[in-house]
file coords_37.pdb (PDB, C-alpha atoms and all ligand atoms)
ATOM      1  CA  MET A1196     -67.469-110.956 -46.112  1.00  0.00           C
ATOM      2  CA  ALA A1197     -65.213-109.426 -48.745  1.00  0.00           C
ATOM      3  CA  GLN A1198     -65.272-105.668 -49.216  1.00  0.00           C
ATOM      4  CA  ALA A1199     -66.764-106.094 -52.699  1.00  0.00           C
ATOM      5  CA  ASN A1200     -69.812-107.839 -51.220  1.00  0.00           C
ATOM      6  CA  ARG A1201     -70.798-105.045 -48.851  1.00  0.00           C
ATOM      7  CA  PRO A1202     -73.773-104.004 -51.009  1.00  0.00           C
ATOM      8  CA  LEU A1203     -75.010-107.584 -50.821  1.00  0.00           C
ATOM      9  CA  LEU A1204     -74.861-107.452 -47.020  1.00  0.00           C
ATOM     10  CA  THR A1205     -77.064-104.361 -47.190  1.00  0.00           C
ATOM     11  CA  LEU A1206     -79.496-106.103 -49.518  1.00  0.00           C
ATOM     12  CA  ALA A1207     -79.545-109.230 -47.326  1.00  0.00           C
ATOM     13  CA  SER A1208     -80.274-107.136 -44.212  1.00  0.00           C
ATOM     14  CA  LEU A1209     -83.043-105.203 -45.922  1.00  0.00           C
ATOM     15  CA  THR A1210     -84.520-108.447 -47.267  1.00  0.00           C
ATOM     16  CA  LEU A1211     -84.692-109.847 -43.740  1.00  0.00           C
ATOM     17  CA  ALA A1212     -86.107-106.613 -42.334  1.00  0.00           C
ATOM     18  CA  GLY A1213     -88.798-106.509 -45.015  1.00  0.00           C
ATOM     19  CA  GLY A1214     -89.385-110.231 -44.722  1.00  0.00           C
ATOM     20  CA  LEU A1215     -90.082-109.976 -41.007  1.00  0.00           C
ATOM     21  CA  ARG A1216     -92.511-107.083 -41.444  1.00  0.00           C
ATOM     22  CA  TYR A1217     -95.576-109.268 -41.937  1.00  0.00           C
ATOM     23  CA  PRO A1218     -96.300-113.028 -41.991  1.00  0.00           C
ATOM     24  CA  SER A1219     -95.346-114.791 -45.238  1.00  0.00           C
ATOM     25  CA  ALA A1220     -93.494-111.745 -46.609  1.00  0.00           C
ATOM     26  CA  LEU A1221     -90.107-113.413 -46.825  1.00  0.00           C
ATOM     27  CA  GLY A1222     -91.320-116.318 -48.939  1.00  0.00           C
ATOM     28  CA  HIS A1223     -92.912-113.849 -51.347  1.00  0.00           C
ATOM     29  CA  LEU A1224     -89.707-111.799 -51.606  1.00  0.00           C
ATOM     30  CA  VAL A1225     -87.320-114.658 -52.287  1.00  0.00           C
ATOM     31  CA  ARG A1226     -89.684-116.599 -54.577  1.00  0.00           C
ATOM     32  CA  THR A1227     -90.220-113.421 -56.596  1.00  0.00           C
ATOM     33  CA  ALA A1228     -86.437-113.014 -56.827  1.00  0.00           C
ATOM     34  CA  ALA A1229     -85.871-116.637 -57.825  1.00  0.00           C
ATOM     35  CA  VAL A1230     -88.478-116.449 -60.591  1.00  0.00           C
ATOM     36  CA  SER A1231     -87.101-113.063 -61.740  1.00  0.00           C
ATOM     37  CA  ALA A1232     -83.598-114.549 -61.964  1.00  0.00           C
ATOM     38  CA  TYR A1233     -84.974-117.598 -63.753  1.00  0.00           C
ATOM     39  CA  LEU A1234     -86.684-115.372 -66.344  1.00  0.00           C
ATOM     40  CA  ALA A1235     -83.509-113.282 -66.730  1.00  0.00           C
ATOM     41  CA  ASN A1236     -81.654-116.491 -67.511  1.00  0.00           C
ATOM     42  CA  VAL A1237     -84.256-117.645 -70.034  1.00  0.00           C
ATOM     43  CA  LEU A1238     -83.909-114.214 -71.669  1.00  0.00           C
ATOM     44  CA  GLU A1239     -80.161-114.880 -71.871  1.00  0.00           C
ATOM     45  CA  LEU A1240     -79.226-111.609 -70.207  1.00  0.00           C
ATOM     46  CA  ALA A1241     -75.534-111.276 -69.364  1.00  0.00           C
ATOM     47  CA  ASP A1242     -74.549-113.327 -66.319  1.00  0.00           C
ATOM     48  CA  ALA A1243     -73.720-110.192 -64.302  1.00  0.00           C
ATOM     49  CA  GLU A1244     -77.118-108.697 -65.139  1.00  0.00           C
ATOM     50  CA  GLN A1245     -78.874-111.896 -64.083  1.00  0.00           C
ATOM     51  CA  GLN A1246     -76.996-111.849 -60.774  1.00  0.00           C
ATOM     52  CA  GLN A1247     -77.933-108.232 -60.166  1.00  0.00           C
ATOM     53  CA  ILE A1248     -81.614-108.927 -60.778  1.00  0.00           C
ATOM     54  CA  TYR A1249     -81.381-111.923 -58.408  1.00  0.00           C
ATOM     55  CA  CYS A1250     -79.840-109.765 -55.671  1.00  0.00           C
ATOM     56  CA  VAL A1251     -82.113-106.721 -55.951  1.00  0.00           C
ATOM     57  CA  ALA A1252     -85.493-108.412 -56.511  1.00  0.00           C
ATOM     58  CA  PRO A1253     -85.873-109.444 -52.822  1.00  0.00           C
ATOM     59  CA  VAL A1254     -85.986-105.778 -51.748  1.00  0.00           C
ATOM     60  CA  HIS A1255     -88.656-104.716 -54.253  1.00  0.00           C
ATOM     61  CA  ASP A1256     -91.190-104.269 -51.425  1.00  0.00           C
ATOM     62  CA  VAL A1257     -88.797-102.933 -48.756  1.00  0.00           C
ATOM     63  CA  GLY A1258     -90.857 -99.714 -48.627  1.00  0.00           C
ATOM     64  CA  LYS A1259     -93.588-101.714 -46.870  1.00  0.00           C
ATOM     65  CA  LEU A1260     -91.465-101.137 -43.756  1.00  0.00           C
ATOM     66  CA  GLY A1261     -92.909 -97.623 -43.872  1.00  0.00           C
ATOM     67  CA  ILE A1262     -96.575 -98.580 -44.296  1.00  0.00           C
ATOM     68  CA  PRO A1263     -98.673 -98.409 -41.100  1.00  0.00           C
ATOM     69  CA  ASP A1264     -99.915-101.686 -39.593  1.00  0.00           C
ATOM     70  CA  ALA A1265    -103.544-100.601 -39.973  1.00  0.00           C
ATOM     71  CA  VAL A1266    -103.101-100.752 -43.742  1.00  0.00           C
ATOM     72  CA  LEU A1267    -100.379-103.365 -44.217  1.00  0.00           C
ATOM     73  CA  LEU A1268    -101.888-105.892 -41.824  1.00  0.00           C
ATOM     74  CA  LYS A1269    -105.573-105.122 -42.437  1.00  0.00           C
ATOM     75  CA  PRO A1270    -107.375-108.470 -42.541  1.00  0.00           C
ATOM     76  CA  ALA A1271    -109.710-107.340 -45.327  1.00  0.00           C
ATOM     77  CA  ALA A1272    -109.591-105.794 -48.785  1.00  0.00           C
ATOM     78  CA  LEU A1273    -108.277-102.211 -48.764  1.00  0.00           C
ATOM     79  CA  THR A1274    -110.380 -99.132 -49.402  1.00  0.00           C
ATOM     80  CA  GLU A1275    -109.258 -96.741 -52.149  1.00  0.00           C
ATOM     81  CA  ASP A1276    -107.680 -94.396 -49.556  1.00  0.00           C
ATOM     82  CA  GLU A1277    -105.825 -97.321 -48.009  1.00  0.00           C
ATOM     83  CA  HIS A1278    -104.639 -98.376 -51.477  1.00  0.00           C
ATOM     84  CA  ASP A1279    -103.205 -94.881 -51.898  1.00  0.00           C
ATOM     85  CA  ILE A1280    -101.234 -95.345 -48.680  1.00  0.00           C
ATOM     86  CA  MET A1281    -100.090 -98.823 -49.764  1.00  0.00           C
ATOM     87  CA  ARG A1282     -98.942 -97.476 -53.135  1.00  0.00           C
ATOM     88  CA  ARG A1283     -96.436 -95.283 -51.325  1.00  0.00           C
ATOM     89  CA  HIS A1284     -94.297 -98.370 -50.638  1.00  0.00           C
ATOM     90  CA  SER A1285     -92.610 -98.126 -54.039  1.00  0.00           C
ATOM     91  CA  SER A1286     -91.363 -94.555 -53.448  1.00  0.00           C
ATOM     92  CA  ILE A1287     -90.522 -95.205 -49.790  1.00  0.00           C
ATOM     93  CA  GLY A1288     -88.446 -98.247 -50.794  1.00  0.00           C
ATOM     94  CA  ALA A1289     -86.664 -96.371 -53.564  1.00  0.00           C
ATOM     95  CA  ASP A1290     -85.880 -93.455 -51.246  1.00  0.00           C
ATOM     96  CA  LEU A1291     -84.536 -95.881 -48.652  1.00  0.00           C
ATOM     97  CA  LEU A1292     -82.161 -97.429 -51.206  1.00  0.00           C
ATOM     98  CA  ALA A1293     -81.274 -94.275 -53.142  1.00  0.00           C
ATOM     99  CA  GLY A1294     -78.052 -92.316 -53.066  1.00  0.00           C
ATOM    100  CA  SER A1295     -75.524 -95.128 -53.079  1.00  0.00           C
ATOM    101  CA  PRO A1296     -72.679 -95.057 -55.592  1.00  0.00           C
ATOM    102  CA  GLU A1297     -72.946 -98.869 -55.787  1.00  0.00           C
ATOM    103  CA  PRO A1298     -74.543 -99.914 -59.103  1.00  0.00           C
ATOM    104  CA  VAL A1299     -76.377-102.860 -57.529  1.00  0.00           C
ATOM    105  CA  LEU A1300     -78.009-100.584 -54.931  1.00  0.00           C
ATOM    106  CA  GLN A1301     -78.927 -98.103 -57.673  1.00  0.00           C
ATOM    107  CA  LEU A1302     -80.627-100.954 -59.528  1.00  0.00           C
ATOM    108  CA  ALA A1303     -82.349-102.011 -56.295  1.00  0.00           C
ATOM    109  CA  ALA A1304     -83.709 -98.477 -55.904  1.00  0.00           C
ATOM    110  CA  SER A1305     -84.916 -98.488 -59.502  1.00  0.00           C
ATOM    111  CA  VAL A1306     -86.695-101.837 -59.103  1.00  0.00           C
ATOM    112  CA  ALA A1307     -88.262-100.750 -55.793  1.00  0.00           C
ATOM    113  CA  ARG A1308     -89.506 -97.554 -57.448  1.00  0.00           C
ATOM    114  CA  HIS A1309     -90.817 -99.018 -60.691  1.00  0.00           C
ATOM    115  CA  HIS A1310     -92.088-102.548 -59.973  1.00  0.00           C
ATOM    116  CA  HIS A1311     -95.715-101.339 -60.051  1.00  0.00           C
ATOM    117  CA  GLU A1312     -95.449 -99.436 -63.333  1.00  0.00           C
ATOM    118  CA  HIS A1313     -97.723-100.838 -66.041  1.00  0.00           C
ATOM    119  CA  PHE A1314     -96.755-101.474 -69.637  1.00  0.00           C
ATOM    120  CA  ASP A1315     -99.593 -99.179 -70.813  1.00  0.00           C
ATOM    121  CA  GLY A1316     -98.492 -96.351 -68.480  1.00  0.00           C
ATOM    122  CA  SER A1317    -101.368 -96.805 -65.990  1.00  0.00           C
ATOM    123  CA  GLY A1318     -99.142 -97.879 -63.090  1.00  0.00           C
ATOM    124  CA  TYR A1319     -97.346 -95.993 -60.348  1.00  0.00           C
ATOM    125  CA  PRO A1320     -95.485 -93.989 -59.149  1.00  0.00           C
ATOM    126  CA  ALA A1321     -94.175 -92.442 -62.399  1.00  0.00           C
ATOM    127  CA  GLY A1322     -96.714 -93.706 -64.953  1.00  0.00           C
ATOM    128  CA  LEU A1323     -93.875 -94.887 -67.190  1.00  0.00           C
ATOM    129  CA  ALA A1324     -94.896 -96.986 -70.206  1.00  0.00           C
ATOM    130  CA  GLY A1325     -93.351 -99.718 -72.348  1.00  0.00           C
ATOM    131  CA  GLU A1326     -89.595 -99.893 -72.428  1.00  0.00           C
ATOM    132  CA  ALA A1327     -89.307 -96.655 -70.462  1.00  0.00           C
ATOM    133  CA  VAL A1328     -89.834 -98.959 -67.463  1.00  0.00           C
ATOM    134  CA  PRO A1329     -86.386-100.413 -66.694  1.00  0.00           C
ATOM    135  CA  LEU A1330     -86.135-104.062 -67.820  1.00  0.00           C
ATOM    136  CA  ALA A1331     -85.325-105.357 -64.321  1.00  0.00           C
ATOM    137  CA  ALA A1332     -88.505-103.708 -62.981  1.00  0.00           C
ATOM    138  CA  ARG A1333     -90.576-105.170 -65.849  1.00  0.00           C
ATOM    139  CA  ILE A1334     -89.235-108.652 -65.058  1.00  0.00           C
ATOM    140  CA  VAL A1335     -89.846-108.303 -61.305  1.00  0.00           C
ATOM    141  CA  ALA A1336     -93.360-106.946 -62.003  1.00  0.00           C
ATOM    142  CA  VAL A1337     -94.422-110.194 -63.699  1.00  0.00           C
ATOM    143  CA  ALA A1338     -92.760-112.474 -61.120  1.00  0.00           C
ATOM    144  CA  ASP A1339     -94.171-110.347 -58.258  1.00  0.00           C
ATOM    145  CA  ALA A1340     -97.744-110.331 -59.566  1.00  0.00           C
ATOM    146  CA  PHE A1341     -97.731-114.079 -60.171  1.00  0.00           C
ATOM    147  CA  ASP A1342     -96.481-114.819 -56.638  1.00  0.00           C
ATOM    148  CA  ALA A1343     -98.952-112.369 -55.087  1.00  0.00           C
ATOM    149  CA  MET A1344    -101.871-113.970 -56.930  1.00  0.00           C
ATOM    150  CA  MET A1345    -100.829-117.469 -55.849  1.00  0.00           C
ATOM    151  CA  GLU A1346    -100.555-116.481 -52.177  1.00  0.00           C
ATOM    152  CA  PRO A1347    -103.570-116.702 -49.908  1.00  0.00           C
ATOM    153  CA  ARG A1348    -104.688-113.560 -48.096  1.00  0.00           C
ATOM    154  CA  VAL A1349    -106.771-113.445 -44.923  1.00  0.00           C
ATOM    155  CA  TYR A1350    -109.748-112.297 -47.019  1.00  0.00           C
ATOM    156  CA  ARG A1351    -109.226-114.553 -50.061  1.00  0.00           C
ATOM    157  CA  LYS A1352    -107.719-117.880 -51.061  1.00  0.00           C
ATOM    158  CA  GLY A1353    -104.626-118.091 -53.218  1.00  0.00           C
ATOM    159  CA  MET A1354    -105.410-118.438 -56.922  1.00  0.00           C
ATOM    160  CA  LYS A1355    -104.908-121.760 -58.654  1.00  0.00           C
ATOM    161  CA  GLU A1356    -101.855-121.728 -60.924  1.00  0.00           C
ATOM    162  CA  HIS A1357    -104.022-122.064 -64.029  1.00  0.00           C
ATOM    163  CA  ASP A1358    -106.037-118.980 -63.046  1.00  0.00           C
ATOM    164  CA  ALA A1359    -102.959-116.921 -62.124  1.00  0.00           C
ATOM    165  CA  LEU A1360    -101.392-117.750 -65.504  1.00  0.00           C
ATOM    166  CA  GLY A1361    -104.674-116.730 -67.168  1.00  0.00           C
ATOM    167  CA  ALA A1362    -104.610-113.426 -65.279  1.00  0.00           C
ATOM    168  CA  LEU A1363    -101.048-112.758 -66.483  1.00  0.00           C
ATOM    169  CA  ALA A1364    -102.115-113.507 -70.060  1.00  0.00           C
ATOM    170  CA  GLU A1365    -105.159-111.225 -69.753  1.00  0.00           C
ATOM    171  CA  ARG A1366    -103.006-108.351 -68.528  1.00  0.00           C
ATOM    172  CA  SER A1367    -100.231-108.900 -71.081  1.00  0.00           C
ATOM    173  CA  GLY A1368     -99.499-105.613 -72.853  1.00  0.00           C
ATOM    174  CA  ILE A1369    -101.715-103.765 -70.327  1.00  0.00           C
ATOM    175  CA  TYR A1370     -99.960-104.277 -66.989  1.00  0.00           C
ATOM    176  CA  PHE A1371     -97.068-106.432 -68.162  1.00  0.00           C
ATOM    177  CA  ASP A1372     -94.506-106.441 -70.964  1.00  0.00           C
ATOM    178  CA  PRO A1373     -96.066-108.884 -73.458  1.00  0.00           C
ATOM    179  CA  SER A1374     -92.711-110.364 -74.436  1.00  0.00           C
ATOM    180  CA  LEU A1375     -92.047-111.227 -70.770  1.00  0.00           C
ATOM    181  CA  VAL A1376     -95.503-112.750 -70.253  1.00  0.00           C
ATOM    182  CA  ASP A1377     -94.833-114.805 -73.347  1.00  0.00           C
ATOM    183  CA  VAL A1378     -91.536-116.081 -71.918  1.00  0.00           C
ATOM    184  CA  PHE A1379     -93.221-116.788 -68.557  1.00  0.00           C
ATOM    185  CA  LEU A1380     -96.059-118.776 -70.137  1.00  0.00           C
ATOM    186  CA  ARG A1381     -93.645-120.778 -72.293  1.00  0.00           C
ATOM    187  CA  HIS A1382     -91.529-121.742 -69.272  1.00  0.00           C
ATOM    188  CA  VAL A1383     -94.077-122.636 -66.599  1.00  0.00           C
ATOM    189  CA  PRO A1384     -92.310-125.885 -65.578  1.00  0.00           C
ATOM    190  CA  GLY A1385     -89.107-123.897 -64.964  1.00  0.00           C
ATOM    191  CA  VAL A1386     -91.008-121.258 -62.988  1.00  0.00           C
ATOM    192  CA  ARG A1387     -92.473-124.069 -60.870  1.00  0.00           C
ATOM    193  CA  ARG A1388     -88.998-125.500 -60.257  1.00  0.00           C
ATOM    194  CA  ALA A1389     -87.597-122.093 -59.259  1.00  0.00           C
ATOM    195  CA  ARG A1390     -90.479-121.572 -56.805  1.00  0.00           C
ATOM    196  CA  ALA A1391     -90.164-125.075 -55.373  1.00  0.00           C
ATOM    197  CA  ALA A1392     -86.372-124.713 -54.952  1.00  0.00           C
ATOM    198  CA  THR A1393     -86.923-121.487 -53.010  1.00  0.00           C
ATOM    199  CA  ASP A1394     -89.596-122.975 -50.771  1.00  0.00           C
ATOM    200  CA  ALA A1395     -87.259-125.924 -50.114  1.00  0.00           C
ATOM    201  CA  LEU A1396     -84.418-123.523 -49.180  1.00  0.00           C
ATOM    202  CA  LEU A1397     -86.699-121.734 -46.702  1.00  0.00           C
ATOM    203  CA  ALA A1398     -88.031-124.982 -45.250  1.00  0.00           C
ATOM    204  CA  LYS A1399     -84.558-126.495 -44.854  1.00  0.00           C
ATOM    205  CA  TYR A1400     -82.722-123.542 -43.302  1.00  0.00           C
ATOM    206  CA  GLY A1401     -85.396-121.311 -41.782  1.00  0.00           C
ATOM    207  CA  GLU A1402     -85.893-117.713 -42.831  1.00  0.00           C
ATOM    208  CA  VAL A1403     -82.741-116.075 -41.438  1.00  0.00           C
ATOM    209  CA  SER A1404     -80.236-118.704 -42.635  1.00  0.00           C
ATOM    210  CA  ALA A1405     -82.067-119.092 -45.944  1.00  0.00           C
ATOM    211  CA  VAL A1406     -81.566-115.380 -46.649  1.00  0.00           C
ATOM    212  CA  GLY A1407     -77.853-115.765 -45.845  1.00  0.00           C
ATOM    213  CA  ARG A1408     -77.629-118.667 -48.261  1.00  0.00           C
ATOM    214  CA  PHE A1409     -79.675-116.840 -50.864  1.00  0.00           C
ATOM    215  CA  PHE A1410     -77.100-114.019 -50.886  1.00  0.00           C
ATOM    216  CA  GLY A1411     -74.203-116.447 -50.672  1.00  0.00           C
ATOM    217  CA  GLY A1412     -72.262-115.301 -47.612  1.00  0.00           C
ATOM    218  CA  PRO A1413     -68.567-115.171 -48.533  1.00  0.00           C
ATOM    219  CA  GLU A1414     -69.046-116.968 -51.856  1.00  0.00           C
ATOM    220  CA  PRO A1415     -68.375-114.703 -54.869  1.00  0.00           C
ATOM    221  CA  VAL A1416     -71.479-116.091 -56.612  1.00  0.00           C
ATOM    222  CA  PRO A1417     -74.281-117.562 -54.475  1.00  0.00           C
ATOM    223  CA  ALA A1418     -74.630-121.319 -54.990  1.00  0.00           C
ATOM    224  CA  PHE A1419     -78.423-120.928 -55.033  1.00  0.00           C
ATOM    225  CA  PHE A1420     -78.139-118.503 -57.979  1.00  0.00           C
ATOM    226  CA  ARG A1421     -76.153-121.122 -59.932  1.00  0.00           C
ATOM    227  CA  HIS A1422     -78.755-123.716 -58.908  1.00  0.00           C
ATOM    228  CA  LEU A1423     -81.517-121.575 -60.456  1.00  0.00           C
ATOM    229  CA  GLN A1424     -79.474-121.106 -63.627  1.00  0.00           C
ATOM    230  CA  ALA A1425     -79.235-124.870 -63.942  1.00  0.00           C
ATOM    231  CA  LEU A1426     -83.055-125.143 -63.986  1.00  0.00           C
ATOM    232  CA  VAL A1427     -83.388-123.804 -67.549  1.00  0.00           C
TER
HETATM  233 FE    FE B1501     -94.877-103.950 -54.341  1.00  0.00          FE
HETATM  234 FE    FE B1502     -94.234-107.836 -53.979  1.00  0.00          FE
END
call {"tool": "encode", "arguments": {"input": "coords_37.pdb", "output": "structure tokens"}}
result
Amino acid sequence: MAQANRPLLTLASLTLAGGLRYPSALGHLVRTAAVSAYLANVLELADAEQQQIYCVAPVHDVGKLGIPDAVLLKPAALTEDEHDIMRRHSSIGADLLAGSPEPVLQLAASVARHHHEHFDGSGYPAGLAGEAVPLAARIVAVADAFDAMMEPRVYRKGMKEHDALGALAERSGIYFDPSLVDVFLRHVPGVRRARAATDALLAKYGEVSAVGRFFGGPEPVPAFFRHLQALV
């Protein structure tokens, strides 16, 4: 892989490490990234910015590597104390990624740190509000929450799409940037296509090779990123 792509190798490795930490994690990470990149494209962000969001979104939960099994793998709803432990994943992930001079790793650290901030300032770890939350983290927050609601847990079924969309709408302006919820709700067919394309990539290549293809190997721009851009 070319010298310039070294940060992407780091992100690919951390994606795999995080994705192997608990069952179904990898699908969540790459679907969240695909939907984040799709939204970034709908928002008409600069191509380089879209690519950065695509590459950093899969490591948003990498701090879960540092959460004990008793909490991370608990087959039941968490107690408030356990939630406090779980909430540490955003700072752990940011600390793990911090300190690089590479802009894409700095963005990855920022997204890991701030993807659970809420638009009204009630989130964690910093309690940032509104546009003080970096845009990439606001985008990943919406894509992340939607995917998490759709996924089944041992103690609950996955939500139906209609209900998950309703939950996003209800929390618009409270948890989530209302302009991003608006974009999400106006582009549901595209979101569905981005999710389906990611699930197809995972099913076709298996988790390890799918992550390699997601990050593009030696290609300067991953083919799968261009594929998502074509979904708009
Ligand atoms: Fe998270
Ligand atoms: Fe997540």
call {"tool": "closest_residue", "arguments": {"input": "coords_37.pdb", "among": "A:Ala1265, A:Ala1235, A:Leu1209, A:Ala1389", "to": "A:Pro1253", "atoms": "all atoms listed in the file"}}
result
A:Leu1209
call {"tool": "resolve_selection", "arguments": {"input": "coords_37.pdb", "expression": "the PyMOL selection byres (((chain A and resi 1419) around 9) and not hetatm)", "output": "ChimeraX atom specification"}}
result
/A:1392-1393,1396,1408-1411,1416-1418,1420-1424
call {"tool": "residues_near_point", "arguments": {"input": "coords_37.pdb", "point": "(-96.5, -109.1, -61.5)", "cutoff": "12 Å", "atoms": "only C-alpha atoms", "output": "VMD selection string"}}
result
chain A and resid 1223 1227 to 1228 1230 to 1231 1255 1309 to 1314 1318 1332 to 1345 1359 to 1360 1362 to 1364 1366 to 1367 1369 to 1373 1375 to 1376 1379
call {"tool": "closest_residue", "arguments": {"input": "coords_37.pdb", "among": "A:Leu1300, A:Leu1330, A:Leu1221, A:Ala1405", "to": "A:Ser1374", "atoms": "only C-alpha atoms"}}
result
A:Leu1330
call {"tool": "atom_distance", "arguments": {"input": "coords_37.pdb", "atom1": "atom CA of A:Gly1294", "atom2": "atom CA of A:Glu1414"}}
result
26.3 Å
call {"tool": "closest_residue", "arguments": {"input": "coords_37.pdb", "among": "A:Leu1397, A:Ala1252, A:Leu1203, A:Ala1212", "to": "ligand FE 1502 (chain B)", "atoms": "all atoms listed in the file"}}
result
A:Ala1252
call {"tool": "residues_around", "arguments": {"input": "coords_37.pdb", "residues": "A:Leu1215", "least_positions_apart": "6", "cutoff": "12 Å", "atoms": "all atoms listed in the file", "output": "list in words"}}
result
Ser1208, Leu1209, Leu1221, Gly1222, His1223, Leu1224, Asp1256, Val1257, Lys1259, Leu1260, Glu1402, Val1403 and Val1406 of chain A
call {"tool": "resolve_selection", "arguments": {"input": "coords_37.pdb", "expression": "the PyMOL selection byres (((chain A and resi 1273-1290) around 8) and not hetatm)", "output": "mmCIF file with C-alpha atoms, keeping the file's coordinate frame"}}
result
data_model
loop_
_atom_site.group_PDB
_atom_site.id
_atom_site.type_symbol
_atom_site.label_atom_id
_atom_site.label_comp_id
_atom_site.auth_asym_id
_atom_site.auth_seq_id
_atom_site.Cartn_x
_atom_site.Cartn_y
_atom_site.Cartn_z
ATOM 1 C CA VAL A 1254 -85.986 -105.778 -51.748
ATOM 2 C CA HIS A 1255 -88.656 -104.716 -54.253
ATOM 3 C CA ASP A 1256 -91.190 -104.269 -51.425
ATOM 4 C CA VAL A 1257 -88.797 -102.933 -48.756
ATOM 5 C CA GLY A 1258 -90.857 -99.714 -48.627
ATOM 6 C CA LYS A 1259 -93.588 -101.714 -46.870
ATOM 7 C CA LEU A 1260 -91.465 -101.137 -43.756
ATOM 8 C CA GLY A 1261 -92.909 -97.623 -43.872
ATOM 9 C CA ILE A 1262 -96.575 -98.580 -44.296
ATOM 10 C CA VAL A 1266 -103.101 -100.752 -43.742
ATOM 11 C CA LEU A 1267 -100.379 -103.365 -44.217
ATOM 12 C CA LYS A 1269 -105.573 -105.122 -42.437
ATOM 13 C CA ALA A 1271 -109.710 -107.340 -45.327
ATOM 14 C CA ALA A 1272 -109.591 -105.794 -48.785
ATOM 15 C CA LEU A 1291 -84.536 -95.881 -48.652
ATOM 16 C CA LEU A 1292 -82.161 -97.429 -51.206
ATOM 17 C CA ALA A 1293 -81.274 -94.275 -53.142
ATOM 18 C CA ALA A 1303 -82.349 -102.011 -56.295
ATOM 19 C CA ALA A 1304 -83.709 -98.477 -55.904
ATOM 20 C CA SER A 1305 -84.916 -98.488 -59.502
ATOM 21 C CA VAL A 1306 -86.695 -101.837 -59.103
ATOM 22 C CA ALA A 1307 -88.262 -100.750 -55.793
ATOM 23 C CA ARG A 1308 -89.506 -97.554 -57.448
ATOM 24 C CA HIS A 1309 -90.817 -99.018 -60.691
ATOM 25 C CA HIS A 1310 -92.088 -102.548 -59.973
ATOM 26 C CA HIS A 1311 -95.715 -101.339 -60.051
ATOM 27 C CA TYR A 1319 -97.346 -95.993 -60.348
ATOM 28 C CA PRO A 1320 -95.485 -93.989 -59.149
#
